[in-house]
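In what follows, a single structure is set out as structure tokens and then discussed.
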Amino acid sequence: MPIAILPERGVVEVAGEDRVAFLQGLVSNDVAEAGPGRAVFAALLTPQGKWLADFFIHAEDGRLLLDCERAQAGMLAQRLGRFRLRSKGVLRDLSAEMAVAVGWGEAVMPAGAGPDPRLEAAGWRLVSREAPAADASAEDWDAHRLALGLPEGSRDLAAEQTVLLEAGFDALHGISWSKGCYMGQELTARTRYRGLLKRRLVPVEVDGPLPEPGTPVVAGGAEVGEMRSGRGARGIAQLRLDALDGRALRCGEAALRPRIPGWMGLPGEVAAPGR
């Protein structure tokens, strides 16, 4: 029953009576959907629609808690603070005071936790001052999320470059198509409705030494993408969609084999959740 504490995750507090309305116009998902035991997965984009950060929004005691990358917590609080203007709200980085825990498999969900909104197989998440007892490591969680094909923030997405649909945010319930305007919405919607997507972050099996992030992926002598995060024989690579045609893919000294999970909605071999 794996439960792990994630030391590389941080927490940003958004408090005040205008907290929901304030975030609603800035992030990719419907903030009003966050409630007790129900987190919302969302991203902050540039005005041009490119990824800056993603996080899970938890609602608690008159405040919103953003479960984000610890290294991005200060930046996230600062950037959000630029848009506060007359909003009656408080932004604080609480990363030193709170912990983020995850559980999956048969792990019992403790009070205050909520299901991971991306995939049922991803388990649950908890933001708390008192972390539960852990019987697994952050590395165990990383192996689990790679098995599911879930991208992990800046390890897989490039700041001011990645479009949300390249990272599957639509399939992972990280975008609201109906809530109204938010920063970067125009490009996100145009990418969807005009079919402009040319690349995707794709789970891969690695046969050989695990390539370093940024190593080019080559097919037939042409560069078709690059490696992102990985562990052991699993990883995530950014690939051109036209490279998912069965051609042999090489990356450094390794061969890559795309393992397309069902949630991605792409043609290709389907990897069972948790494999």
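Following the order of the structure tokens, first chain is A, next is B, and so on, with residues numbered from 1 inside each chain and ligands from 1 in the order they appear.
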I need the helix (DSSP H, G or I) residues of region 71-203 of chain A per DSSP on the backbone, written as a count of residues only. 42
Each region 155-230 of chain A residue no farther than 7 Å from region 234-252 of chain A, nearest pair in Å, only C-alpha atoms, as JSON lines:
{"residue": "A:Lys198", "atom": "CA", "partner": "A:Leu241", "partner_atom": "CA", "distance": 5.7}
{"residue": "A:Arg199", "atom": "CA", "partner": "A:Arg240", "partner_atom": "CA", "distance": 4.3}
{"residue": "A:Arg200", "atom": "CA", "partner": "A:Gln238", "partner_atom": "CA", "distance": 5.6}
{"residue": "A:Leu201", "atom": "CA", "partner": "A:Gln238", "partner_atom": "CA", "distance": 4.3}
{"residue": "A:Val202", "atom": "CA", "partner": "A:Ala237", "partner_atom": "CA", "distance": 5.4}
{"residue": "A:Pro203", "atom": "CA", "partner": "A:Ile236", "partner_atom": "CA", "distance": 4.4}
{"residue": "A:Val204", "atom": "CA", "partner": "A:Gly235", "partner_atom": "CA", "distance": 5.3}
{"residue": "A:Glu205", "atom": "CA", "partner": "A:Arg234", "partner_atom": "CA", "distance": 4.8}
{"residue": "A:Val206", "atom": "CA", "partner": "A:Arg234", "partner_atom": "CA", "distance": 5.7}
{"residue": "A:Pro211", "atom": "CA", "partner": "A:Gly252", "partner_atom": "CA", "distance": 6.0}
{"residue": "A:Thr215", "atom": "CA", "partner": "A:Cys251", "partner_atom": "CA", "distance": 6.5}
{"residue": "A:Pro216", "atom": "CA", "partner": "A:Cys251", "partner_atom": "CA", "distance": 6.0}
{"residue": "A:Val217", "atom": "CA", "partner": "A:Cys251", "partner_atom": "CA", "distance": 4.6}
{"residue": "A:Val218", "atom": "CA", "partner": "A:Arg250", "partner_atom": "CA", "distance": 5.2}
{"residue": "A:Ala219", "atom": "CA", "partner": "A:Leu249", "partner_atom": "CA", "distance": 5.0}
{"residue": "A:Val224", "atom": "CA", "partner": "A:Arg240", "partner_atom": "CA", "distance": 5.6}
{"residue": "A:Gly225", "atom": "CA", "partner": "A:Leu239", "partner_atom": "CA", "distance": 4.4}
{"residue": "A:Glu226", "atom": "CA", "partner": "A:Gln238", "partner_atom": "CA", "distance": 5.4}
{"residue": "A:Met227", "atom": "CA", "partner": "A:Ala237", "partner_atom": "CA", "distance": 4.3}
{"residue": "A:Arg228", "atom": "CA", "partner": "A:Ala237", "partner_atom": "CA", "distance": 5.1}
{"residue": "A:Ser229", "atom": "CA", "partner": "A:Ile236", "partner_atom": "CA", "distance": 5.5}
{"residue": "A:Gly230", "atom": "CA", "partner": "A:Gly235", "partner_atom": "CA", "distance": 3.7}
How about saving the chosen residues, N, CA, C and O atoms kept, as a PDB file, in the first residue's frame?
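Done, and the output landed in part_5.pdb:
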ATOM      1  N   LYS A 198       1.543  19.210 -33.481  1.00  0.00           N
ATOM      2  CA  LYS A 198       2.519  18.454 -34.281  1.00  0.00           C
ATOM      3  C   LYS A 198       3.430  17.585 -33.432  1.00  0.00           C
ATOM      4  O   LYS A 198       4.111  16.698 -33.957  1.00  0.00           O
ATOM      5  N   ARG A 199       3.470  17.832 -32.119  1.00  0.00           N
ATOM      6  CA  ARG A 199       4.348  17.090 -31.215  1.00  0.00           C
ATOM      7  C   ARG A 199       3.561  16.649 -29.987  1.00  0.00           C
ATOM      8  O   ARG A 199       2.574  17.280 -29.624  1.00  0.00           O
ATOM      9  N   ARG A 200       4.037  15.591 -29.335  1.00  0.00           N
ATOM     10  CA  ARG A 200       3.445  15.150 -28.075  1.00  0.00           C
ATOM     11  C   ARG A 200       4.537  14.626 -27.149  1.00  0.00           C
ATOM     12  O   ARG A 200       5.562  14.116 -27.611  1.00  0.00           O
ATOM     13  N   LEU A 201       4.285  14.740 -25.857  1.00  0.00           N
ATOM     14  CA  LEU A 201       5.103  14.046 -24.876  1.00  0.00           C
ATOM     15  C   LEU A 201       4.589  12.614 -24.800  1.00  0.00           C
ATOM     16  O   LEU A 201       3.406  12.384 -24.502  1.00  0.00           O
ATOM     17  N   VAL A 202       5.458  11.661 -25.067  1.00  0.00           N
ATOM     18  CA  VAL A 202       5.051  10.265 -25.236  1.00  0.00           C
ATOM     19  C   VAL A 202       5.858   9.370 -24.292  1.00  0.00           C
ATOM     20  O   VAL A 202       7.092   9.475 -24.243  1.00  0.00           O
ATOM     21  N   PRO A 203       5.201   8.466 -23.558  1.00  0.00           N
ATOM     22  CA  PRO A 203       5.941   7.484 -22.759  1.00  0.00           C
ATOM     23  C   PRO A 203       6.710   6.537 -23.670  1.00  0.00           C
ATOM     24  O   PRO A 203       6.195   6.111 -24.714  1.00  0.00           O
ATOM     25  N   VAL A 204       7.927   6.198 -23.260  1.00  0.00           N
ATOM     26  CA  VAL A 204       8.751   5.303 -24.066  1.00  0.00           C
ATOM     27  C   VAL A 204       9.417   4.262 -23.178  1.00  0.00           C
ATOM     28  O   VAL A 204       9.704   4.502 -21.999  1.00  0.00           O
ATOM     29  N   GLU A 205       9.656   3.098 -23.752  1.00  0.00           N
ATOM     30  CA  GLU A 205      10.526   2.103 -23.139  1.00  0.00           C
ATOM     31  C   GLU A 205      11.927   2.313 -23.685  1.00  0.00           C
ATOM     32  O   GLU A 205      12.105   2.588 -24.880  1.00  0.00           O
ATOM     33  N   VAL A 206      12.913   2.192 -22.818  1.00  0.00           N
ATOM     34  CA  VAL A 206      14.303   2.474 -23.172  1.00  0.00           C
ATOM     35  C   VAL A 206      15.079   1.169 -23.188  1.00  0.00           C
ATOM     36  O   VAL A 206      15.197   0.489 -22.163  1.00  0.00           O
ATOM     37  N   PRO A 211      19.053   7.788 -21.718  1.00  0.00           N
ATOM     38  CA  PRO A 211      19.626   9.041 -22.238  1.00  0.00           C
ATOM     39  C   PRO A 211      19.404  10.211 -21.282  1.00  0.00           C
ATOM     40  O   PRO A 211      18.407  10.246 -20.541  1.00  0.00           O
ATOM     41  N   THR A 215      18.642  14.856 -24.916  1.00  0.00           N
ATOM     42  CA  THR A 215      19.299  14.094 -25.968  1.00  0.00           C
ATOM     43  C   THR A 215      18.367  13.950 -27.164  1.00  0.00           C
ATOM     44  O   THR A 215      17.212  13.559 -27.017  1.00  0.00           O
ATOM     45  N   PRO A 216      18.830  14.258 -28.381  1.00  0.00           N
ATOM     46  CA  PRO A 216      17.957  14.167 -29.559  1.00  0.00           C
ATOM     47  C   PRO A 216      17.494  12.736 -29.819  1.00  0.00           C
ATOM     48  O   PRO A 216      18.237  11.778 -29.616  1.00  0.00           O
ATOM     49  N   VAL A 217      16.268  12.616 -30.291  1.00  0.00           N
ATOM     50  CA  VAL A 217      15.726  11.343 -30.769  1.00  0.00           C
ATOM     51  C   VAL A 217      15.784  11.374 -32.290  1.00  0.00           C
ATOM     52  O   VAL A 217      15.361  12.357 -32.915  1.00  0.00           O
ATOM     53  N   VAL A 218      16.288  10.288 -32.873  1.00  0.00           N
ATOM     54  CA  VAL A 218      16.527  10.253 -34.316  1.00  0.00           C
ATOM     55  C   VAL A 218      15.791   9.074 -34.936  1.00  0.00           C
ATOM     56  O   VAL A 218      15.745   7.977 -34.366  1.00  0.00           O
ATOM     57  N   ALA A 219      15.185   9.304 -36.085  1.00  0.00           N
ATOM     58  CA  ALA A 219      14.557   8.238 -36.876  1.00  0.00           C
ATOM     59  C   ALA A 219      14.999   8.385 -38.327  1.00  0.00           C
ATOM     60  O   ALA A 219      14.816   9.455 -38.917  1.00  0.00           O
ATOM     61  N   VAL A 224      13.715  13.781 -34.662  1.00  0.00           N
ATOM     62  CA  VAL A 224      12.252  13.800 -34.554  1.00  0.00           C
ATOM     63  C   VAL A 224      11.777  14.143 -33.148  1.00  0.00           C
ATOM     64  O   VAL A 224      10.576  14.096 -32.868  1.00  0.00           O
ATOM     65  N   GLY A 225      12.695  14.510 -32.262  1.00  0.00           N
ATOM     66  CA  GLY A 225      12.286  14.855 -30.904  1.00  0.00           C
ATOM     67  C   GLY A 225      13.464  14.862 -29.969  1.00  0.00           C
ATOM     68  O   GLY A 225      14.628  14.909 -30.389  1.00  0.00           O
ATOM     69  N   GLU A 226      13.173  14.806 -28.663  1.00  0.00           N
ATOM     70  CA  GLU A 226      14.235  14.762 -27.675  1.00  0.00           C
ATOM     71  C   GLU A 226      13.743  14.062 -26.411  1.00  0.00           C
ATOM     72  O   GLU A 226      12.551  14.022 -26.122  1.00  0.00           O
ATOM     73  N   MET A 227      14.680  13.510 -25.683  1.00  0.00           N
ATOM     74  CA  MET A 227      14.380  12.832 -24.426  1.00  0.00           C
ATOM     75  C   MET A 227      14.066  13.856 -23.355  1.00  0.00           C
ATOM     76  O   MET A 227      14.646  14.942 -23.314  1.00  0.00           O
ATOM     77  N   ARG A 228      13.132  13.510 -22.495  1.00  0.00           N
ATOM     78  CA  ARG A 228      12.836  14.328 -21.317  1.00  0.00           C
ATOM     79  C   ARG A 228      13.166  13.502 -20.067  1.00  0.00           C
ATOM     80  O   ARG A 228      14.275  13.003 -19.947  1.00  0.00           O
ATOM     81  N   SER A 229      12.258  13.286 -19.144  1.00  0.00           N
ATOM     82  CA  SER A 229      12.596  12.591 -17.899  1.00  0.00           C
ATOM     83  C   SER A 229      12.596  11.084 -18.094  1.00  0.00           C
ATOM     84  O   SER A 229      12.029  10.549 -19.055  1.00  0.00           O
ATOM     85  N   GLY A 230      13.227  10.370 -17.172  1.00  0.00           N
ATOM     86  CA  GLY A 230      13.244   8.922 -17.249  1.00  0.00           C
ATOM     87  C   GLY A 230      13.797   8.307 -15.983  1.00  0.00           C
ATOM     88  O   GLY A 230      14.408   8.973 -15.144  1.00  0.00           O
TER      89      GLY A 230
END
All strand (DSSP E) residues (DSSP, backbone) inside region 141-275 of chain A, as number ranges by chain: A: 199-207, 216-219, 222-231, 234-240, 249-251, 254-258, 260-261, 270-271
List the spatial neighbours of Ala113 (chain A) as a PyMOL selection string - criterion: any atom at most 8 Å away, only C-alpha atoms, same-chain residues fewer than 4 positions off excluded. chain A and resi 37+109+124-127
Restricting it to N, CA and C atoms, dump the selection as a PDB file, in the first residue's frame.
ATOM      1  N   GLY A  37     -11.841  17.291  -0.596  1.00  0.00           N
ATOM      2  CA  GLY A  37     -11.646  15.986  -1.202  1.00  0.00           C
ATOM      3  C   GLY A  37     -11.669  15.986  -2.718  1.00  0.00           C
ATOM      4  N   MET A 109      -6.872   6.199   1.534  1.00  0.00           N
ATOM      5  CA  MET A 109      -6.828   7.654   1.433  1.00  0.00           C
ATOM      6  C   MET A 109      -7.150   8.277   2.789  1.00  0.00           C
ATOM      7  N   TRP A 124      -4.046   9.121  -4.953  1.00  0.00           N
ATOM      8  CA  TRP A 124      -4.546  10.318  -4.268  1.00  0.00           C
ATOM      9  C   TRP A 124      -3.386  11.230  -3.873  1.00  0.00           C
ATOM     10  N   ARG A 125      -3.759  12.476  -3.532  1.00  0.00           N
ATOM     11  CA  ARG A 125      -2.772  13.475  -3.121  1.00  0.00           C
ATOM     12  C   ARG A 125      -3.259  14.160  -1.846  1.00  0.00           C
ATOM     13  N   LEU A 126      -2.309  14.568  -1.023  1.00  0.00           N
ATOM     14  CA  LEU A 126      -2.622  15.222   0.245  1.00  0.00           C
ATOM     15  C   LEU A 126      -1.634  16.359   0.477  1.00  0.00           C
ATOM     16  N   VAL A 127      -2.159  17.529   0.863  1.00  0.00           N
ATOM     17  CA  VAL A 127      -1.341  18.654   1.315  1.00  0.00           C
ATOM     18  C   VAL A 127      -1.661  18.862   2.787  1.00  0.00           C
TER      19      VAL A 127
END
Closest-contact table, region 161-198 of chain A side, partner region 18-28 of chain A, 10 Å, counting only C-alpha atoms, as a tab-separated table:
residue	atom	partner	partner_atom	distance
A:Leu164	CA	A:Ser28	CA	9.2
A:Phe169	CA	A:Ser28	CA	9.4
A:Gly174	CA	A:Ser28	CA	6.8
A:Ile175	CA	A:Ser28	CA	5.1
A:Ser176	CA	A:Ser28	CA	6.4
A:Trp177	CA	A:Ser28	CA	8.8
A:Lys179	CA	A:Gln24	CA	8.4
A:Gly180	CA	A:Gly25	CA	8.0
A:Cys181	CA	A:Gly25	CA	6.2
A:Tyr182	CA	A:Gly25	CA	4.4
A:Met183	CA	A:Leu26	CA	5.0
A:Gly184	CA	A:Ser28	CA	8.1
A:Gln185	CA	A:Ser28	CA	7.3
A:Thr188	CA	A:Ser28	CA	9.0
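All residues of protein, DNA or RNA that reach within 9 Å of Leu150 (chain A), judged by only C-alpha atoms and not counting those fewer than 4 positions away in the chain, are Arg118, Ala122, His144, Arg145, Leu146, Ala167, Gly168, Leu172, Val202, Pro203 and Ile236 of chain A.
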Dump of all heavy atoms for the selected residues, as a PDB file, in the first residue's frame:
ATOM      1  N   ARG A 118      -6.108  13.611 -12.443  1.00  0.00           N
ATOM      2  CA  ARG A 118      -5.668  13.273 -13.792  1.00  0.00           C
ATOM      3  C   ARG A 118      -6.113  11.872 -14.207  1.00  0.00           C
ATOM      4  O   ARG A 118      -6.753  11.698 -15.236  1.00  0.00           O
ATOM      5  CB  ARG A 118      -4.142  13.396 -13.889  1.00  0.00           C
ATOM      6  CG  ARG A 118      -3.623  14.797 -13.642  1.00  0.00           C
ATOM      7  CD  ARG A 118      -2.109  14.819 -13.554  1.00  0.00           C
ATOM      8  NE  ARG A 118      -1.612  14.028 -12.410  1.00  0.00           N
ATOM      9  CZ  ARG A 118      -0.339  13.845 -12.126  1.00  0.00           C
ATOM     10  NH1 ARG A 118       0.601  14.382 -12.905  1.00  0.00           N
ATOM     11  NH2 ARG A 118       0.025  13.131 -11.060  1.00  0.00           N
ATOM     12  N   ALA A 122      -3.572   7.021 -10.795  1.00  0.00           N
ATOM     13  CA  ALA A 122      -2.540   7.838 -10.164  1.00  0.00           C
ATOM     14  C   ALA A 122      -2.711   7.900  -8.652  1.00  0.00           C
ATOM     15  O   ALA A 122      -1.804   8.340  -7.944  1.00  0.00           O
ATOM     16  CB  ALA A 122      -2.542   9.249 -10.747  1.00  0.00           C
ATOM     17  N   HIS A 144       6.109   5.015 -10.719  1.00  0.00           N
ATOM     18  CA  HIS A 144       4.677   4.791 -10.959  1.00  0.00           C
ATOM     19  C   HIS A 144       4.133   5.773 -11.981  1.00  0.00           C
ATOM     20  O   HIS A 144       3.426   5.391 -12.915  1.00  0.00           O
ATOM     21  CB  HIS A 144       3.915   4.912  -9.637  1.00  0.00           C
ATOM     22  CG  HIS A 144       2.437   4.719  -9.769  1.00  0.00           C
ATOM     23  ND1 HIS A 144       1.884   3.541 -10.211  1.00  0.00           N
ATOM     24  CD2 HIS A 144       1.392   5.557  -9.527  1.00  0.00           C
ATOM     25  CE1 HIS A 144       0.562   3.652 -10.231  1.00  0.00           C
ATOM     26  NE2 HIS A 144       0.238   4.864  -9.823  1.00  0.00           N
ATOM     27  N   ARG A 145       4.479   7.043 -11.840  1.00  0.00           N
ATOM     28  CA  ARG A 145       3.939   8.033 -12.786  1.00  0.00           C
ATOM     29  C   ARG A 145       4.516   7.827 -14.185  1.00  0.00           C
ATOM     30  O   ARG A 145       3.818   8.043 -15.184  1.00  0.00           O
ATOM     31  CB  ARG A 145       4.140   9.455 -12.265  1.00  0.00           C
ATOM     32  CG  ARG A 145       5.561   9.988 -12.217  1.00  0.00           C
ATOM     33  CD  ARG A 145       5.897  10.843 -13.401  1.00  0.00           C
ATOM     34  NE  ARG A 145       7.309  11.217 -13.414  1.00  0.00           N
ATOM     35  CZ  ARG A 145       7.914  11.751 -14.441  1.00  0.00           C
ATOM     36  NH1 ARG A 145       7.270  11.981 -15.566  1.00  0.00           N
ATOM     37  NH2 ARG A 145       9.195  12.050 -14.386  1.00  0.00           N
ATOM     38  N   LEU A 146       5.766   7.356 -14.287  1.00  0.00           N
ATOM     39  CA  LEU A 146       6.332   7.051 -15.598  1.00  0.00           C
ATOM     40  C   LEU A 146       5.622   5.856 -16.226  1.00  0.00           C
ATOM     41  O   LEU A 146       5.404   5.811 -17.437  1.00  0.00           O
ATOM     42  CB  LEU A 146       7.832   6.773 -15.486  1.00  0.00           C
ATOM     43  CG  LEU A 146       8.727   8.006 -15.311  1.00  0.00           C
ATOM     44  CD1 LEU A 146      10.134   7.590 -14.908  1.00  0.00           C
ATOM     45  CD2 LEU A 146       8.769   8.846 -16.589  1.00  0.00           C
ATOM     46  N   ALA A 167       1.327  18.157 -23.929  1.00  0.00           N
ATOM     47  CA  ALA A 167       1.547  17.388 -22.706  1.00  0.00           C
ATOM     48  C   ALA A 167       0.295  16.644 -22.261  1.00  0.00           C
ATOM     49  O   ALA A 167       0.264  16.099 -21.152  1.00  0.00           O
ATOM     50  CB  ALA A 167       2.028  18.314 -21.585  1.00  0.00           C
ATOM     51  N   GLY A 168      -0.743  16.628 -23.098  1.00  0.00           N
ATOM     52  CA  GLY A 168      -1.937  15.861 -22.788  1.00  0.00           C
ATOM     53  C   GLY A 168      -2.822  16.446 -21.712  1.00  0.00           C
ATOM     54  O   GLY A 168      -3.621  15.725 -21.100  1.00  0.00           O
ATOM     55  N   LEU A 172      -5.920  14.800 -19.465  1.00  0.00           N
ATOM     56  CA  LEU A 172      -5.647  14.655 -18.036  1.00  0.00           C
ATOM     57  C   LEU A 172      -6.467  15.625 -17.194  1.00  0.00           C
ATOM     58  O   LEU A 172      -6.138  15.872 -16.040  1.00  0.00           O
ATOM     59  CB  LEU A 172      -4.150  14.855 -17.771  1.00  0.00           C
ATOM     60  CG  LEU A 172      -3.238  13.788 -18.375  1.00  0.00           C
ATOM     61  CD1 LEU A 172      -1.775  14.166 -18.215  1.00  0.00           C
ATOM     62  CD2 LEU A 172      -3.505  12.426 -17.747  1.00  0.00           C
ATOM     63  N   VAL A 202       5.458  11.661 -25.067  1.00  0.00           N
ATOM     64  CA  VAL A 202       5.051  10.265 -25.236  1.00  0.00           C
ATOM     65  C   VAL A 202       5.858   9.370 -24.292  1.00  0.00           C
ATOM     66  O   VAL A 202       7.092   9.475 -24.243  1.00  0.00           O
ATOM     67  CB  VAL A 202       5.280   9.828 -26.699  1.00  0.00           C
ATOM     68  CG1 VAL A 202       4.950   8.358 -26.880  1.00  0.00           C
ATOM     69  CG2 VAL A 202       4.441  10.684 -27.648  1.00  0.00           C
ATOM     70  N   PRO A 203       5.201   8.466 -23.558  1.00  0.00           N
ATOM     71  CA  PRO A 203       5.941   7.484 -22.759  1.00  0.00           C
ATOM     72  C   PRO A 203       6.710   6.537 -23.670  1.00  0.00           C
ATOM     73  O   PRO A 203       6.195   6.111 -24.714  1.00  0.00           O
ATOM     74  CB  PRO A 203       4.846   6.733 -21.993  1.00  0.00           C
ATOM     75  CG  PRO A 203       3.614   7.550 -22.138  1.00  0.00           C
ATOM     76  CD  PRO A 203       3.740   8.331 -23.401  1.00  0.00           C
ATOM     77  N   ILE A 236      10.011   9.546 -20.778  1.00  0.00           N
ATOM     78  CA  ILE A 236       9.090  10.352 -21.568  1.00  0.00           C
ATOM     79  C   ILE A 236       9.923  11.153 -22.562  1.00  0.00           C
ATOM     80  O   ILE A 236      10.955  11.732 -22.203  1.00  0.00           O
ATOM     81  CB  ILE A 236       8.241  11.273 -20.680  1.00  0.00           C
ATOM     82  CG1 ILE A 236       7.225  10.435 -19.899  1.00  0.00           C
ATOM     83  CG2 ILE A 236       7.524  12.339 -21.514  1.00  0.00           C
ATOM     84  CD1 ILE A 236       6.326  11.231 -18.987  1.00  0.00           C
TER      85      ILE A 236
END
Given only C-alpha atoms as the counted atoms, nearest of A:Ala107, A:Leu64, A:Ala59, A:Val11 to Leu76 (chain A):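 Of the candidates, the smallest distance to Leu76 (chain A) is held by A:Val11.
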